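What follows is one structure encoded as structure tokens, with my remarks underneath.
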Amino acid sequence: MTPSTVHIVARITAKPDAVTQLRAVLEALLTPTRQEAGCHRYLLLQNQQDPTDFTFVEEWADDAAIDQHLRSAHLQRAFAQAAGLLAGQPDIQRYELIG
């Protein structure tokens, strides 16, 4: 990790009856995203206490790499597939490393 990289924390909540389906959609993002230029880290976590709660922890080379990721076909496809599976809008935040 270097201070010049950009970090993303993206929280996504599934509808209670859609956890398995949403997990499959999110897992399908791992391999193609990890192969993208500028992707240093792309982890998917599932809350042990609340299985509807998923979190991506990401590290990107720069904002341009993130912007390209947001336009990628696999991410756009996942957004479309997840639309009816989400309990609300994803909370996606960009951070810079300060220590």
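Residue numbers start at 1 in each chain; chains themselves are named A, B, ... in the order of the structure tokens; ligands are numbered from 1 in the order shown.
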
Quick one: pick out all helix (DSSP H, G or I) residues within chain A from a backbone DSSP run and write them as an MDAnalysis selection string. chainID A and resid 16:27 30:34 63:71 73:85

I'd like the contact shell of segment 35-45 of chain A - 7 Å cut-off, only C-alpha atoms, skipping same-chain residues fewer than 6 positions apart - returned as JSON, numbers by chain. {"A": [54, 55, 56, 57, 58, 59, 60, 61, 65]}

Nearest-residue call for Thr52 of chain A, choices A:Ala80, A:Ala14, A:Leu70, A:Leu86, using only C-alpha atoms: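 Of the candidates, the smallest distance to Thr52 of chain A is held by A:Ala14.
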
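In terms of minimum interatomic distance to Leu85 of chain A, A:Arg23 ranks closest within A:Arg34, A:Arg71, A:Arg11, A:Arg23, counting only C-alpha atoms.
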
Out of chain A, which residues get strand (DSSP E) from DSSP, as a ChimeraX atom specification? /A:6-13,39-46,53-60,91-96

Residues as selected, N, CA and C atoms, written as a PDB file, in the first residue's frame, can you do that?
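This is the output file out_30.pdb:
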ATOM      1  N   VAL A   6      -5.688   4.745  -4.151  1.00  0.00           N
ATOM      2  CA  VAL A   6      -7.025   5.094  -3.695  1.00  0.00           C
ATOM      3  C   VAL A   6      -7.689   3.825  -3.169  1.00  0.00           C
ATOM      4  N   HIS A   7      -8.346   3.957  -2.048  1.00  0.00           N
ATOM      5  CA  HIS A   7      -9.006   2.827  -1.407  1.00  0.00           C
ATOM      6  C   HIS A   7     -10.514   3.021  -1.473  1.00  0.00           C
ATOM      7  N   ILE A   8     -11.206   1.921  -1.696  1.00  0.00           N
ATOM      8  CA  ILE A   8     -12.661   1.926  -1.762  1.00  0.00           C
ATOM      9  C   ILE A   8     -13.190   0.961  -0.708  1.00  0.00           C
ATOM     10  N   VAL A   9     -14.217   1.376  -0.015  1.00  0.00           N
ATOM     11  CA  VAL A   9     -14.989   0.486   0.834  1.00  0.00           C
ATOM     12  C   VAL A   9     -16.422   0.578   0.324  1.00  0.00           C
ATOM     13  N   ALA A  10     -16.936  -0.538  -0.155  1.00  0.00           N
ATOM     14  CA  ALA A  10     -18.273  -0.576  -0.743  1.00  0.00           C
ATOM     15  C   ALA A  10     -19.125  -1.561   0.042  1.00  0.00           C
ATOM     16  N   ARG A  11     -20.144  -1.043   0.731  1.00  0.00           N
ATOM     17  CA  ARG A  11     -21.061  -1.889   1.506  1.00  0.00           C
ATOM     18  C   ARG A  11     -22.328  -2.116   0.707  1.00  0.00           C
ATOM     19  N   ILE A  12     -22.715  -3.380   0.636  1.00  0.00           N
ATOM     20  CA  ILE A  12     -23.865  -3.790  -0.162  1.00  0.00           C
ATOM     21  C   ILE A  12     -24.721  -4.690   0.715  1.00  0.00           C
ATOM     22  N   THR A  13     -26.010  -4.410   0.757  1.00  0.00           N
ATOM     23  CA  THR A  13     -26.913  -5.200   1.600  1.00  0.00           C
ATOM     24  C   THR A  13     -27.933  -5.918   0.736  1.00  0.00           C
ATOM     25  N   CYS A  39      -5.744  -2.385 -10.563  1.00  0.00           N
ATOM     26  CA  CYS A  39      -6.339  -3.020  -9.381  1.00  0.00           C
ATOM     27  C   CYS A  39      -5.226  -3.669  -8.560  1.00  0.00           C
ATOM     28  N   HIS A  40      -5.021  -3.169  -7.346  1.00  0.00           N
ATOM     29  CA  HIS A  40      -4.002  -3.730  -6.456  1.00  0.00           C
ATOM     30  C   HIS A  40      -4.611  -4.723  -5.462  1.00  0.00           C
ATOM     31  N   ARG A  41      -5.858  -4.471  -5.067  1.00  0.00           N
ATOM     32  CA  ARG A  41      -6.524  -5.349  -4.096  1.00  0.00           C
ATOM     33  C   ARG A  41      -8.026  -5.261  -4.326  1.00  0.00           C
ATOM     34  N   TYR A  42      -8.699  -6.412  -4.276  1.00  0.00           N
ATOM     35  CA  TYR A  42     -10.141  -6.461  -4.460  1.00  0.00           C
ATOM     36  C   TYR A  42     -10.660  -7.634  -3.640  1.00  0.00           C
ATOM     37  N   LEU A  43     -11.100  -7.338  -2.426  1.00  0.00           N
ATOM     38  CA  LEU A  43     -11.538  -8.362  -1.487  1.00  0.00           C
ATOM     39  C   LEU A  43     -13.037  -8.256  -1.260  1.00  0.00           C
ATOM     40  N   LEU A  44     -13.697  -9.377  -1.124  1.00  0.00           N
ATOM     41  CA  LEU A  44     -15.119  -9.420  -0.813  1.00  0.00           C
ATOM     42  C   LEU A  44     -15.287 -10.075   0.550  1.00  0.00           C
ATOM     43  N   LEU A  45     -15.976  -9.383   1.447  1.00  0.00           N
ATOM     44  CA  LEU A  45     -16.226  -9.867   2.797  1.00  0.00           C
ATOM     45  C   LEU A  45     -17.725 -10.035   3.011  1.00  0.00           C
ATOM     46  N   GLN A  46     -18.083 -11.016   3.851  1.00  0.00           N
ATOM     47  CA  GLN A  46     -19.475 -11.185   4.262  1.00  0.00           C
ATOM     48  C   GLN A  46     -19.512 -11.169   5.783  1.00  0.00           C
ATOM     49  N   ASP A  53     -25.076  -8.601   4.755  1.00  0.00           N
ATOM     50  CA  ASP A  53     -24.118  -7.493   4.670  1.00  0.00           C
ATOM     51  C   ASP A  53     -22.819  -7.947   4.000  1.00  0.00           C
ATOM     52  N   PHE A  54     -22.566  -7.386   2.798  1.00  0.00           N
ATOM     53  CA  PHE A  54     -21.341  -7.664   2.049  1.00  0.00           C
ATOM     54  C   PHE A  54     -20.515  -6.382   1.961  1.00  0.00           C
ATOM     55  N   THR A  55     -19.200  -6.527   1.970  1.00  0.00           N
ATOM     56  CA  THR A  55     -18.320  -5.372   1.852  1.00  0.00           C
ATOM     57  C   THR A  55     -17.155  -5.707   0.930  1.00  0.00           C
ATOM     58  N   PHE A  56     -16.943  -4.826  -0.048  1.00  0.00           N
ATOM     59  CA  PHE A  56     -15.733  -4.895  -0.862  1.00  0.00           C
ATOM     60  C   PHE A  56     -14.705  -3.955  -0.247  1.00  0.00           C
ATOM     61  N   VAL A  57     -13.471  -4.423  -0.133  1.00  0.00           N
ATOM     62  CA  VAL A  57     -12.338  -3.595   0.280  1.00  0.00           C
ATOM     63  C   VAL A  57     -11.386  -3.608  -0.907  1.00  0.00           C
ATOM     64  N   GLU A  58     -11.137  -2.415  -1.443  1.00  0.00           N
ATOM     65  CA  GLU A  58     -10.408  -2.318  -2.706  1.00  0.00           C
ATOM     66  C   GLU A  58      -9.247  -1.340  -2.590  1.00  0.00           C
ATOM     67  N   GLU A  59      -8.224  -1.576  -3.391  1.00  0.00           N
ATOM     68  CA  GLU A  59      -7.115  -0.631  -3.539  1.00  0.00           C
ATOM     69  C   GLU A  59      -6.810  -0.507  -5.020  1.00  0.00           C
ATOM     70  N   TRP A  60      -6.792   0.732  -5.486  1.00  0.00           N
ATOM     71  CA  TRP A  60      -6.584   1.036  -6.896  1.00  0.00           C
ATOM     72  C   TRP A  60      -5.410   1.981  -7.066  1.00  0.00           C
ATOM     73  N   ASP A  91     -23.421   1.577  -0.530  1.00  0.00           N
ATOM     74  CA  ASP A  91     -22.683   2.704   0.061  1.00  0.00           C
ATOM     75  C   ASP A  91     -21.233   2.550  -0.379  1.00  0.00           C
ATOM     76  N   ILE A  92     -20.806   3.361  -1.344  1.00  0.00           N
ATOM     77  CA  ILE A  92     -19.475   3.252  -1.929  1.00  0.00           C
ATOM     78  C   ILE A  92     -18.698   4.525  -1.586  1.00  0.00           C
ATOM     79  N   GLN A  93     -17.591   4.364  -0.861  1.00  0.00           N
ATOM     80  CA  GLN A  93     -16.806   5.508  -0.403  1.00  0.00           C
ATOM     81  C   GLN A  93     -15.354   5.360  -0.858  1.00  0.00           C
ATOM     82  N   ARG A  94     -14.758   6.493  -1.263  1.00  0.00           N
ATOM     83  CA  ARG A  94     -13.342   6.535  -1.642  1.00  0.00           C
ATOM     84  C   ARG A  94     -12.533   7.118  -0.490  1.00  0.00           C
ATOM     85  N   TYR A  95     -11.381   6.507  -0.230  1.00  0.00           N
ATOM     86  CA  TYR A  95     -10.509   6.938   0.848  1.00  0.00           C
ATOM     87  C   TYR A  95      -9.079   7.088   0.353  1.00  0.00           C
ATOM     88  N   GLU A  96      -8.321   7.910   1.047  1.00  0.00           N
ATOM     89  CA  GLU A  96      -6.872   7.938   0.823  1.00  0.00           C
ATOM     90  C   GLU A  96      -6.200   7.485   2.098  1.00  0.00           C
TER      91      GLU A  96
END
